>>> print(open('structure_13.csv').read())   # CSV, C-alpha atoms
chain,number,residue,atom,x,y,z
A,111,MET,CA,4.0,19.3,27.7
A,112,PRO,CA,0.8,17.2,28.0
A,113,TYR,CA,0.2,14.4,25.5
A,114,ALA,CA,-3.1,12.7,24.6
A,115,LEU,CA,-2.1,9.3,26.2
A,116,SER,CA,0.4,10.5,28.9
A,117,LYS,CA,-1.2,8.5,31.7
A,118,PHE,CA,-1.1,5.2,29.9
A,119,ARG,CA,1.6,2.5,29.9
A,120,ILE,CA,1.9,0.0,27.1
A,121,ILE,CA,3.9,-3.3,27.3
A,122,ASP,CA,5.1,-4.0,23.8
A,123,LEU,CA,6.1,-7.5,22.8
A,124,THR,CA,5.8,-6.9,19.1
A,125,HIS,CA,8.4,-7.2,16.4
A,126,MET,CA,9.0,-6.4,12.7
A,127,LEU,CA,6.3,-4.0,11.3
A,128,THR,CA,2.6,-4.4,12.1
A,129,GLY,CA,2.9,-4.4,15.9
A,130,PRO,CA,5.6,-1.8,16.2
A,131,PHE,CA,3.8,0.5,13.8
A,132,ALA,CA,0.7,0.4,16.0
A,133,THR,CA,2.6,0.9,19.2
A,134,LYS,CA,4.7,3.7,17.6
A,135,MET,CA,1.5,5.6,17.1
A,136,LEU,CA,0.6,5.1,20.8
A,137,ALA,CA,4.0,6.3,21.8
A,138,ASP,CA,3.6,9.3,19.5
A,139,PHE,CA,0.4,10.1,21.3
A,140,GLY,CA,2.4,10.2,24.5
A,141,ALA,CA,1.9,6.7,26.0
A,142,ASP,CA,4.9,5.2,27.9
A,143,VAL,CA,5.6,2.3,25.6
A,144,ILE,CA,8.0,-0.3,27.0
A,145,LYS,CA,9.5,-2.5,24.3
A,146,VAL,CA,10.3,-5.9,25.6
A,147,GLU,CA,13.1,-7.6,23.6
A,148,ARG,CA,14.8,-10.9,23.9
A,149,PRO,CA,18.5,-11.3,24.9
A,150,GLY,CA,21.0,-11.1,22.1
A,151,THR,CA,19.5,-9.9,18.9
A,152,GLY,CA,16.5,-8.2,20.2
A,153,ASP,CA,13.7,-7.3,17.7
A,154,ASP,CA,14.4,-9.0,14.3
A,155,SER,CA,13.9,-5.6,12.6
A,156,ARG,CA,17.2,-4.4,14.1
A,157,ALA,CA,18.9,-6.5,11.4
A,158,VAL,CA,16.9,-4.9,8.5
A,159,GLY,CA,18.5,-2.1,6.5
A,160,PRO,CA,19.2,0.6,5.6
A,161,PHE,CA,21.8,1.3,8.3
A,162,VAL,CA,23.5,4.4,9.6
A,163,ASN,CA,26.6,3.7,11.7
A,164,GLY,CA,25.3,0.1,12.1
A,165,GLU,CA,21.9,1.2,13.4
A,166,SER,CA,18.8,0.1,11.5
A,167,MET,CA,16.7,3.0,10.2
A,168,TYR,CA,13.9,0.5,9.6
A,169,PHE,CA,13.9,-0.2,13.4
A,170,ALA,CA,14.4,3.5,14.2
A,171,GLU,CA,11.4,4.6,12.3
A,172,GLN,CA,9.0,2.1,13.9
A,173,ASN,CA,10.3,2.3,17.5
A,174,ARG,CA,10.9,6.0,18.3
A,175,ASN,CA,9.5,7.4,21.6
A,176,LYS,CA,9.7,3.9,23.2
A,177,ARG,CA,11.9,2.5,26.0
A,178,SER,CA,13.6,-0.9,25.6
A,179,ILE,CA,14.1,-3.6,28.2
A,180,ILE,CA,15.7,-7.0,27.8
A,181,LEU,CA,13.9,-9.9,29.4
A,182,ASP,CA,14.4,-13.6,28.9
A,183,LEU,CA,10.8,-14.8,29.0
A,184,LYS,CA,11.9,-18.5,29.1
A,185,THR,CA,13.3,-17.9,32.6
A,186,LYS,CA,11.4,-17.6,35.9
A,187,GLU,CA,13.0,-14.2,36.6
A,188,GLY,CA,12.1,-12.9,33.2
A,189,LYS,CA,8.5,-13.9,33.6
A,190,GLU,CA,8.3,-12.4,37.1
A,191,ASN,CA,9.6,-9.1,35.9
A,192,LEU,CA,7.2,-9.0,33.0
A,193,LEU,CA,4.3,-9.8,35.4
A,194,MET,CA,5.4,-6.9,37.6
A,195,LEU,CA,5.3,-4.6,34.5
A,196,VAL,CA,1.9,-5.9,33.5
A,197,SER,CA,0.5,-5.3,37.0
A,198,LYS,CA,1.1,-1.6,36.5
A,199,ALA,CA,0.3,-1.4,32.8
A,200,ASP,CA,-2.8,-0.5,30.8
A,201,VAL,CA,-2.2,-2.4,27.6
A,202,PHE,CA,-0.2,-5.5,26.6
A,203,VAL,CA,0.5,-6.0,22.9
A,204,GLU,CA,2.0,-9.0,21.1
A,205,ASN,CA,2.2,-10.3,17.6
A,206,PHE,CA,3.4,-13.9,18.1
A,207,ARG,CA,1.8,-16.8,16.4
A,208,PRO,CA,-1.3,-18.1,18.3
A,209,GLY,CA,-0.4,-20.2,21.3
A,210,VAL,CA,3.1,-18.8,21.9
A,211,THR,CA,2.3,-16.6,24.8
A,212,GLU,CA,0.2,-19.4,26.4
A,213,LYS,CA,3.2,-21.7,26.1
A,214,LEU,CA,5.3,-19.1,27.9
A,215,GLY,CA,2.7,-18.8,30.6
A,216,LEU,CA,1.8,-15.3,29.6
A,217,GLY,CA,-1.5,-15.7,27.8
A,218,TYR,CA,-4.5,-13.5,28.4
A,219,GLU,CA,-6.1,-15.7,31.0
A,220,THR,CA,-2.9,-15.6,33.1
A,221,LEU,CA,-2.2,-11.9,32.7
A,222,LYS,CA,-5.8,-10.8,33.6
A,223,LYS,CA,-5.4,-12.5,37.0
A,224,THR,CA,-2.4,-10.1,37.6
A,225,ASN,CA,-4.3,-7.1,36.2
A,226,PRO,CA,-8.1,-7.5,35.6
A,227,SER,CA,-8.2,-4.1,33.9
A,228,LEU,CA,-5.6,-5.0,31.3
A,229,ILE,CA,-6.2,-4.5,27.6
A,230,TYR,CA,-4.6,-7.5,25.9
A,231,ALA,CA,-4.1,-6.9,22.2
A,232,SER,CA,-2.9,-9.6,19.8
A,233,CYS,CA,-2.1,-9.3,16.1
A,234,THR,CA,-1.4,-12.4,14.0
A,235,GLY,CA,-1.4,-13.4,10.4
A,236,PHE,CA,-4.8,-15.2,10.4
A,237,GLY,CA,-6.3,-14.9,13.9
A,238,PRO,CA,-6.5,-17.6,16.6
A,239,GLU,CA,-9.2,-19.7,14.8
A,240,GLY,CA,-9.5,-21.4,11.5
A,241,PRO,CA,-7.4,-23.8,9.5
A,242,MET,CA,-4.7,-21.1,8.8
A,243,ALA,CA,-4.4,-20.0,12.4
A,244,GLY,CA,-0.9,-21.2,13.1
A,245,GLN,CA,0.6,-20.2,9.8
A,246,PRO,CA,3.3,-17.5,9.6
A,247,ALA,CA,2.5,-14.5,7.4
A,248,TYR,CA,4.2,-11.4,5.8
A,249,ASP,CA,2.6,-8.5,3.9
A,250,ALA,CA,3.4,-10.0,0.5
A,251,THR,CA,1.9,-13.4,1.3
A,252,ILE,CA,-1.3,-11.8,2.7
A,253,GLN,CA,-1.5,-9.6,-0.4
A,254,ALA,CA,-1.5,-12.8,-2.5
A,255,ILE,CA,-3.9,-14.9,-0.4
A,256,SER,CA,-6.4,-12.1,0.3
A,257,GLY,CA,-6.9,-11.2,-3.3
A,258,ALA,CA,-5.2,-7.8,-3.1
A,259,MET,CA,-2.5,-9.0,-5.5
A,260,GLY,CA,-5.1,-10.5,-7.7
A,261,ILE,CA,-6.6,-7.1,-8.5
A,262,THR,CA,-3.2,-5.2,-8.8
A,263,GLY,CA,-1.1,-5.0,-12.0
A,264,LYS,CA,-1.5,-4.1,-15.6
A,265,ALA,CA,-4.8,-5.0,-17.3
A,266,ASN,CA,-4.3,-8.4,-19.0
A,267,GLY,CA,-0.8,-8.5,-17.6
A,268,ALA,CA,1.1,-10.0,-14.7
A,269,TYR,CA,-0.2,-9.6,-11.1
A,270,SER,CA,1.8,-7.2,-8.9
A,271,ILE,CA,2.4,-6.6,-5.3
A,272,ILE,CA,1.4,-3.2,-4.0
A,273,GLY,CA,4.4,-1.0,-3.7
A,274,ILE,CA,3.9,-0.3,0.0
A,275,PRO,CA,3.3,-2.7,3.0
A,276,ALA,CA,-0.4,-1.8,2.7
A,277,ILE,CA,-1.8,-4.9,4.6
A,278,SER,CA,0.7,-4.6,7.5
A,279,ALA,CA,-0.2,-0.9,7.8
A,280,SER,CA,-3.9,-1.5,7.7
A,281,ALA,CA,-3.6,-4.2,10.3
A,282,ALA,CA,-1.5,-1.8,12.5
A,283,LEU,CA,-4.2,0.9,12.2
A,284,MET,CA,-7.0,-1.7,13.1
A,285,LEU,CA,-4.9,-2.8,16.1
A,286,ASN,CA,-4.3,0.8,17.2
A,287,MET,CA,-8.0,1.7,16.7
A,288,GLY,CA,-9.1,-1.4,18.7
A,289,ILE,CA,-6.7,-0.5,21.6
A,290,LEU,CA,-8.0,3.1,21.8
A,291,ALA,CA,-11.6,1.9,21.7
A,292,ALA,CA,-11.0,-0.6,24.5
A,293,LEU,CA,-9.3,2.0,26.6
A,294,LEU,CA,-12.3,4.3,26.1
A,295,GLU,CA,-14.7,1.5,27.1
A,296,ARG,CA,-12.6,0.7,30.1
A,297,GLU,CA,-13.1,4.3,31.3
A,298,ARG,CA,-16.8,3.4,31.7
A,299,SER,CA,-16.7,-0.2,32.8
A,300,GLY,CA,-13.3,-0.4,34.6
A,301,ARG,CA,-12.8,-3.8,33.0
A,302,GLY,CA,-10.1,-5.0,30.6
A,303,GLN,CA,-10.6,-7.3,27.6
A,304,LYS,CA,-8.8,-9.2,24.8
A,305,ILE,CA,-8.5,-7.8,21.3
A,306,SER,CA,-7.7,-10.0,18.3
A,307,VAL,CA,-6.6,-8.5,15.0
A,308,SER,CA,-5.3,-10.4,12.0
A,309,MET,CA,-3.6,-9.2,8.8
A,310,TYR,CA,-6.0,-11.4,6.7
A,311,ASP,CA,-9.1,-9.9,8.3
A,312,SER,CA,-7.6,-6.4,7.8
A,313,ALA,CA,-7.0,-7.1,4.1
A,314,ALA,CA,-10.6,-8.2,3.7
A,315,ALA,CA,-11.8,-5.0,5.4
A,316,VAL,CA,-9.8,-2.7,3.0
A,317,LEU,CA,-10.9,-4.8,0.0
A,318,GLU,CA,-14.5,-4.0,0.7
A,319,ASN,CA,-15.5,-2.6,-2.7
A,320,SER,CA,-14.1,-5.6,-4.6
A,321,MET,CA,-15.8,-8.0,-2.2
A,322,VAL,CA,-19.1,-6.2,-2.2
A,323,ARG,CA,-19.1,-6.2,-6.0
A,324,TYR,CA,-18.6,-10.0,-5.9
A,325,PHE,CA,-21.1,-10.7,-3.1
A,326,ASN,CA,-23.9,-8.7,-4.8
A,327,PHE,CA,-23.2,-8.9,-8.5
A,328,GLY,CA,-20.9,-11.9,-8.9
A,329,ILE,CA,-18.2,-9.7,-10.4
A,330,VAL,CA,-14.7,-11.1,-9.9
A,331,ALA,CA,-12.3,-8.1,-9.9
A,332,LYS,CA,-9.3,-8.2,-12.1
A,333,PRO,CA,-6.2,-6.0,-12.5
A,334,LEU,CA,-7.0,-2.7,-14.3
A,335,GLY,CA,-3.6,-1.1,-14.3
A,336,ASN,CA,-4.1,2.4,-12.9
A,337,SER,CA,-7.8,2.5,-13.6
A,338,ASN,CA,-10.6,2.2,-11.0
A,339,ALA,CA,-13.4,-0.4,-11.4
A,340,ALA,CA,-16.0,2.0,-10.0
A,341,ALA,CA,-15.3,5.1,-12.0
A,342,PHE,CA,-14.1,6.1,-15.5
A,343,PRO,CA,-12.0,8.0,-16.2
A,344,PHE,CA,-10.0,7.4,-13.0
A,345,SER,CA,-6.4,6.6,-14.2
A,346,SER,CA,-3.0,7.8,-15.2
A,347,PHE,CA,-2.5,9.7,-18.5
A,348,HIS,CA,0.3,11.1,-20.6
A,349,ALA,CA,1.0,14.8,-20.8
A,350,ALA,CA,3.6,16.1,-23.2
A,351,ASP,CA,6.5,15.6,-20.9
A,352,ALA,CA,5.3,13.4,-18.0
A,353,ASP,CA,2.4,11.4,-16.6
A,354,LEU,CA,-0.3,12.5,-14.3
A,355,VAL,CA,-3.4,11.0,-12.6
A,356,ILE,CA,-6.9,12.3,-13.1
A,357,ALA,CA,-9.9,11.1,-11.1
A,358,THR,CA,-13.6,11.5,-11.8
A,359,THR,CA,-16.1,9.9,-9.6
A,360,SER,CA,-19.5,11.2,-10.8
A,361,GLU,CA,-21.2,12.4,-14.0
A,362,ALA,CA,-20.7,16.0,-12.8
A,363,SER,CA,-17.0,15.5,-12.4
A,364,TRP,CA,-16.8,13.9,-15.9
A,365,VAL,CA,-18.6,16.9,-17.4
A,366,LYS,CA,-16.2,19.3,-15.5
A,367,LEU,CA,-13.2,17.4,-16.9
A,368,CYS,CA,-14.5,17.6,-20.5
A,369,GLU,CA,-15.2,21.4,-20.1
A,370,THR,CA,-11.7,21.9,-18.7
A,371,LEU,CA,-10.1,20.0,-21.6
A,372,GLU,CA,-12.3,22.1,-23.9
A,373,HIS,CA,-13.8,18.9,-25.5
A,374,THR,CA,-17.4,19.0,-24.4
A,375,GLU,CA,-18.4,16.9,-27.4
A,376,LEU,CA,-17.2,13.9,-25.4
A,377,THR,CA,-20.1,14.4,-23.0
A,378,GLU,CA,-22.6,13.9,-25.8
A,379,ASP,CA,-20.8,10.9,-27.4
A,380,PRO,CA,-23.1,7.8,-27.0
A,381,ARG,CA,-20.1,5.7,-26.2
A,382,PHE,CA,-19.3,7.8,-23.1
A,383,LEU,CA,-22.6,8.9,-21.7
A,384,THR,CA,-22.4,7.0,-18.4
A,385,THR,CA,-19.7,5.5,-16.2
A,386,GLU,CA,-20.8,2.0,-17.5
A,387,LYS,CA,-20.5,3.2,-21.1
A,388,ARG,CA,-17.1,4.7,-20.5
A,389,ALA,CA,-15.9,1.5,-18.8
A,390,GLU,CA,-17.2,-0.5,-21.7
A,391,ASN,CA,-15.5,1.7,-24.2
A,392,TRP,CA,-12.4,2.5,-22.3
A,393,GLY,CA,-10.2,1.2,-25.1
A,394,GLU,CA,-11.5,4.0,-27.2
A,395,LEU,CA,-11.8,6.8,-24.6
A,396,GLU,CA,-8.3,6.3,-23.0
A,397,PRO,CA,-6.3,7.1,-26.3
A,398,LEU,CA,-8.6,10.1,-26.9
A,399,LEU,CA,-7.8,11.6,-23.5
A,400,ASN,CA,-4.1,10.9,-23.9
A,401,SER,CA,-4.2,12.6,-27.3
A,402,ILE,CA,-5.7,15.7,-25.8
A,403,LEU,CA,-3.5,15.8,-22.7
A,404,GLY,CA,-0.4,15.2,-24.8
A,405,LYS,CA,-0.7,18.7,-26.3
A,406,LYS,CA,0.4,20.4,-23.1
A,407,LYS,CA,3.2,19.9,-20.5
A,408,LEU,CA,2.5,18.5,-17.1
A,409,ALA,CA,2.9,21.7,-15.1
A,410,GLU,CA,0.5,23.5,-17.4
A,411,TRP,CA,-2.2,20.8,-17.1
A,412,ILE,CA,-1.9,20.6,-13.3
A,413,LYS,CA,-2.4,24.4,-13.1
A,414,ILE,CA,-5.4,24.3,-15.4
A,415,LEU,CA,-7.1,21.2,-13.8
A,416,ARG,CA,-6.6,22.5,-10.3
A,417,GLU,CA,-8.0,25.9,-11.1
A,418,ASN,CA,-11.1,24.1,-12.3
A,419,ASN,CA,-11.3,21.8,-9.3
A,420,VAL,CA,-10.6,18.6,-11.3
A,421,VAL,CA,-9.0,16.1,-9.0
A,422,CYS,CA,-5.5,15.4,-10.3
A,423,GLY,CA,-2.0,14.7,-9.2
A,424,THR,CA,1.6,14.4,-10.4
A,425,ILE,CA,3.4,11.0,-10.1
A,426,ASN,CA,6.1,11.9,-7.6
A,427,THR,CA,9.4,10.2,-6.7
A,428,MET,CA,10.4,9.9,-3.1
A,429,LYS,CA,12.7,13.0,-3.6
A,430,GLN,CA,9.8,15.0,-5.0
A,431,LEU,CA,7.6,13.9,-2.1
A,432,ALA,CA,10.3,14.9,0.5
A,433,ASP,CA,10.8,18.3,-1.2
A,434,ASP,CA,7.0,19.0,-1.5
A,435,PRO,CA,6.1,22.2,0.4
A,436,GLN,CA,2.8,20.5,1.4
A,437,VAL,CA,4.7,17.7,3.2
A,438,GLN,CA,7.0,20.2,4.9
A,439,ASP,CA,4.2,22.6,6.0
A,440,ARG,CA,2.4,19.6,7.5
A,441,GLN,CA,5.7,18.6,9.3
A,442,MET,CA,5.6,15.1,7.8
A,443,VAL,CA,9.4,14.8,7.8
A,444,SER,CA,11.1,15.2,11.2
A,445,ASP,CA,14.6,15.1,12.6
A,446,MET,CA,15.4,12.6,15.3
A,447,GLU,CA,18.7,12.6,17.3
A,448,HIS,CA,19.9,9.0,17.7
A,449,PRO,CA,22.7,8.2,20.2
A,450,VAL,CA,24.7,6.2,17.6
A,451,ALA,CA,23.3,7.2,14.2
A,452,GLY,CA,23.3,10.9,15.0
A,453,LYS,CA,20.6,13.1,13.4
A,454,VAL,CA,18.4,11.1,11.1
A,455,LYS,CA,15.1,11.8,9.2
A,456,VAL,CA,11.9,10.0,10.2
A,457,ILE,CA,8.3,10.2,9.1
A,458,GLY,CA,6.2,12.7,11.1
A,459,MET,CA,2.9,12.0,12.8
A,460,PRO,CA,-0.1,12.3,10.5
A,461,VAL,CA,-2.6,13.0,13.3
A,462,LYS,CA,-2.5,16.6,14.4
A,463,PHE,CA,-3.8,17.8,17.8
A,464,SER,CA,-4.6,21.4,18.7
A,465,ARG,CA,-4.0,21.1,22.4
A,466,THR,CA,-1.9,17.9,23.0
A,467,PRO,CA,0.5,17.8,20.1
A,468,CYS,CA,2.5,14.8,19.0
A,469,GLU,CA,6.3,15.1,18.8
A,470,ILE,CA,9.4,12.9,18.8
A,471,TYR,CA,10.6,13.3,22.3
A,472,ARG,CA,12.8,10.1,22.4
A,473,SER,CA,14.9,8.4,19.8
A,474,ALA,CA,14.4,4.7,19.0
A,475,PRO,CA,16.1,2.9,21.9
A,476,LEU,CA,19.3,0.9,21.8
A,477,SER,CA,18.6,-2.8,22.6
A,478,GLY,CA,17.9,-3.0,26.3
A,479,GLU,CA,18.8,0.7,26.8
A,480,HIS,CA,16.3,1.2,29.6
A,481,THR,CA,16.4,-2.2,31.3
A,482,GLU,CA,18.0,-0.9,34.6
A,483,GLU,CA,15.9,2.2,34.6
A,484,ILE,CA,12.6,0.2,34.2
A,485,LEU,CA,13.5,-2.6,36.6
A,486,SER,CA,14.6,-0.2,39.3
A,487,SER,CA,11.3,1.6,39.1
A,488,LEU,CA,9.5,-1.7,39.9
>>> encode(input="structure_13.csv", output="structure tokens")
Amino acid sequence: MPYALSKFRIIDLTHMLTGPFATKMLADFGADVIKVERPGTGDDSRAVGPFVNGESMYFAEQNRNKRSIILDLKTKEGKENLLMLVSKADVFVENFRPGVTEKLGLGYETLKKTNPSLIYASCTGFGPEGPMAGQPAYDATIQAISGAMGITGKANGAYSIIGIPAISASAALMLNMGILAALLERERSGRGQKISVSMYDSAAAVLENSMVRYFNFGIVAKPLGNSNAAAFPFSSFHAADADLVIATTSEASWVKLCETLEHTELTEDPRFLTTEKRAENWGELEPLLNSILGKKKLAEWIKILRENNVVCGTINTMKQLADDPQVQDRQMVSDMEHPVAGKVKVIGMPVKFSRTPCEIYRSAPLSGEHTEEILSSL
């Protein structure tokens, strides 16, 4: 079966989450991703749970469809083997701290001599320049430093970390997008180049609305609980038996909500005439809406709201998400046969192709599983 990136080879020196997430997508697109691991422990994420038969499911999710090779890059032989791999590769990806690959003699200037058309992609916490360049980083620390944590949490309450590794994931998507753009440009120019992506920069990119509000209006965003600074109402509410989220983003959608709730008098109330007024008087509007919504159960409200094209949603647990027919119909939960763990569940690929579909064609590799196979092919 043809895949979108079947002809491309990726040399993957990434570890933990951001880098492996990006290269997993390339592997799902069909690229031959060769994961280079160090002797002994391999990728640090192999030690991160949960485990099935001693195998990390954290590692398995981020490294399916890849091949693994063990190379000691501190030795002459290890470097020579890596350079041979690079000479036949399209992309080299690493997420070491700035300067590490240069110390190993494997920086961009060295590798491009071996392969001038190589795309060299680097992902770090803060990028290669600036006073924070050499500092280590994890998702939680970047959430704090970037201001993402400073706008998350209950209004007038404690700050909170976002419940998913949002910064790592956004950096992975930026890295993946950069690699694909560089490969497309190379089809025209025939030349490689270096790509630099940082978690800190990626956080700034996805915080654009809060940053733009500060740049242009001097507004310092603060936690608003489940509300949205740009639209009111856009929050969670209480039905009779459970909570739900309702989102309005325009005056028309506010009017539609009031009509659906059968309380059109709210649209004429001077306190709630505009988004700005509703934000200013949110302390009065929120309990009113909760009082109305509390008269019916969740399932009944979801049916009524969706029939009237009001944007809404239940607040699901992971079990409810996994059992959701929408998730199943979109094949967002897949089975993967692992040589040690057996059949395990992993997340499906969110990008759907009509002609070159993505699939899980190889389980996450055991440490060094393909070393002999890859070296013999050189």
>>> residues_around(input="structure_13.csv", residues="Ala157 of chain A", least_positions_apart="4", cutoff="9 Å", atoms="all atoms listed in the file", output="PyMOL selection string")
chain A and resi 151+153+161+165-166+168-169
>>> write_last_selection(input="structure_13.csv", atoms="C-alpha atoms", output="PDB file, in the coordinates of the input")
ATOM      1  CA  THR A 151      19.500  -9.900  18.900  1.00  0.00           C
ATOM      2  CA  ASP A 153      13.700  -7.300  17.700  1.00  0.00           C
ATOM      3  CA  PHE A 161      21.800   1.300   8.300  1.00  0.00           C
ATOM      4  CA  GLU A 165      21.900   1.200  13.400  1.00  0.00           C
ATOM      5  CA  SER A 166      18.800   0.100  11.500  1.00  0.00           C
ATOM      6  CA  TYR A 168      13.900   0.500   9.600  1.00  0.00           C
ATOM      7  CA  PHE A 169      13.900  -0.200  13.400  1.00  0.00           C
TER       8      PHE A 169
END
>>> closest_residue(input="structure_13.csv", among="A:Ile356, A:Ala362, A:Met446, A:Leu214", to="Leu415 of chain A", atoms="only C-alpha atoms")
A:Ile356
>>> atom_distance(input="structure_13.csv", atom1="atom CA of Pro246 of chain A", atom2="atom CA of Leu285 of chain A")
18.0 Å
>>> residues_near_point(input="structure_13.csv", point="(-4.0, -5.9, 32.7)", cutoff="9 Å", atoms="all atoms listed in the file", output="list of chain:residue names")
A:Val196, A:Ser197, A:Lys198, A:Ala199, A:Asp200, A:Val201, A:Phe202, A:Tyr218, A:Leu221, A:Lys222, A:Lys223, A:Thr224, A:Asn225, A:Pro226, A:Ser227, A:Leu228, A:Ile229, A:Tyr230, A:Gly302, A:Gln303
>>> residues_around(input="structure_13.csv", residues="Lys117 of chain A", least_positions_apart="3", cutoff="12 Å", atoms="only C-alpha atoms", output="compact mmCIF listing (two decimals) with C-alpha atoms, in the frame of the given file")
# COMPACT_ATOMS: atom_id res chain seq x y z
CA PRO A 112 0.80 17.20 28.00
CA TYR A 113 0.20 14.40 25.50
CA ALA A 114 -3.10 12.70 24.60
CA ILE A 120 1.90 0.00 27.10
CA LEU A 136 0.60 5.10 20.80
CA ALA A 137 4.00 6.30 21.80
CA PHE A 139 0.40 10.10 21.30
CA GLY A 140 2.40 10.20 24.50
CA ALA A 141 1.90 6.70 26.00
CA ASP A 142 4.90 5.20 27.90
CA VAL A 143 5.60 2.30 25.60
CA LYS A 198 1.10 -1.60 36.50
CA ALA A 199 0.30 -1.40 32.80
CA ASP A 200 -2.80 -0.50 30.80
CA VAL A 201 -2.20 -2.40 27.60
CA LEU A 293 -9.30 2.00 26.60
>>> residues_around(input="structure_13.csv", residues="Pro460 of chain A", least_positions_apart="4", cutoff="9 Å", atoms="all atoms listed in the file", output="list in words")
Arg440, Gln441 and Met442 of chain A
>>> closest_residue(input="structure_13.csv", among="A:Ile414, A:Ala451, A:Ala339, A:Val421", to="Glu372 of chain A", atoms="all atoms listed in the file")
A:Ile414
>>> atom_distance(input="structure_13.csv", atom1="atom CA of Ile329 of chain A", atom2="atom CA of Phe347 of chain A")
26.2 Å
>>> residues_around(input="structure_13.csv", residues="Leu123 of chain A", least_positions_apart="6", cutoff="7 Å", atoms="only C-alpha atoms", output="short mmCIF file (atom, residue, chain, number, x, y, z; two decimals) with C-alpha atoms, in the frame of the given file")
data_model
loop_
_atom_site.label_atom_id
_atom_site.label_comp_id
_atom_site.auth_asym_id
_atom_site.auth_seq_id
_atom_site.Cartn_x
_atom_site.Cartn_y
_atom_site.Cartn_z
CA LYS A 145 9.50 -2.50 24.30
CA VAL A 146 10.30 -5.90 25.60
CA VAL A 203 0.50 -6.00 22.90
CA GLU A 204 2.00 -9.00 21.10
#
>>> residues_around(input="structure_13.csv", residues="segment 465-474 of chain A", least_positions_apart="3", cutoff="9 Å", atoms="only C-alpha atoms", output="ChimeraX atom specification")
/A:111-114,138-140,169-178,444-449,458-459,461-462
>>> closest_residue(input="structure_13.csv", among="A:Gly404, A:Leu488, A:Glu390, A:His480", to="Glu147 of chain A", atoms="only C-alpha atoms")
A:His480
>>> closest_residue(input="structure_13.csv", among="A:Arg148, A:Arg119, A:His125, A:Lys186", to="Thr481 of chain A", atoms="all atoms listed in the file")
A:Arg148
>>> closest_residue(input="structure_13.csv", among="A:Val210, A:Ala279, A:Ala231, A:Ala389", to="Tyr248 of chain A", atoms="only C-alpha atoms")
A:Ala279
>>> residues_near_point(input="structure_13.csv", point="(-18.7, 14.1, -14.7)", cutoff="12 Å", atoms="all atoms listed in the file", output="NGL selection string")
:A and (341-344 or 357-370 or 374 or 376-378 or 382-385 or 388 or 419-421)
>>> closest_residue(input="structure_13.csv", among="A:Ser312, A:Asn286, A:Ser464, A:Asn326", to="Gly237 of chain A", atoms="all atoms listed in the file")
A:Ser312
>>> atom_distance(input="structure_13.csv", atom1="atom CA of Asp249 of chain A", atom2="atom CA of Val443 of chain A")
24.6 Å
>>> decode(input="structure_13.csv", residues="segment 194-206 of chain A", atoms="N, CA and C atoms", output="CSV table (one decimal), in the first residue's frame")
chain,number,residue,atom,x,y,z
A,194,MET,N,26.9,7.2,8.0
A,194,MET,CA,26.4,6.4,6.8
A,194,MET,C,24.9,6.5,6.7
A,195,LEU,N,24.2,6.4,7.9
A,195,LEU,CA,22.7,6.6,7.8
A,195,LEU,C,22.3,7.9,7.3
A,196,VAL,N,23.0,9.0,7.8
A,196,VAL,CA,22.7,10.3,7.4
A,196,VAL,C,22.9,10.5,5.9
A,197,SER,N,23.9,9.9,5.3
A,197,SER,CA,24.2,10.0,3.9
A,197,SER,C,23.1,9.6,3.0
A,198,LYS,N,22.2,8.7,3.5
A,198,LYS,CA,21.1,8.1,2.7
A,198,LYS,C,19.8,8.6,3.3
A,199,ALA,N,19.8,9.6,4.1
A,199,ALA,CA,18.6,10.1,4.8
A,199,ALA,C,18.1,11.4,4.2
A,200,ASP,N,16.8,11.7,4.5
A,200,ASP,CA,16.2,13.0,4.0
A,200,ASP,C,16.2,14.0,5.2
A,201,VAL,N,15.9,13.4,6.4
A,201,VAL,CA,15.7,14.3,7.6
A,201,VAL,C,16.5,13.7,8.8
A,202,PHE,N,17.1,14.6,9.5
A,202,PHE,CA,17.7,14.3,10.8
A,202,PHE,C,17.0,15.1,11.9
A,203,VAL,N,16.5,14.4,12.9
A,203,VAL,CA,15.8,15.2,14.0
A,203,VAL,C,16.4,14.9,15.3
A,204,GLU,N,16.6,15.9,16.1
A,204,GLU,CA,17.1,15.8,17.5
A,204,GLU,C,16.5,16.8,18.4
A,205,ASN,N,16.4,16.5,19.7
A,205,ASN,CA,15.9,17.4,20.7
A,205,ASN,C,16.8,17.5,21.9
A,206,PHE,N,18.2,17.4,21.6
A,206,PHE,CA,19.1,17.7,22.7
A,206,PHE,C,19.2,19.2,23.0
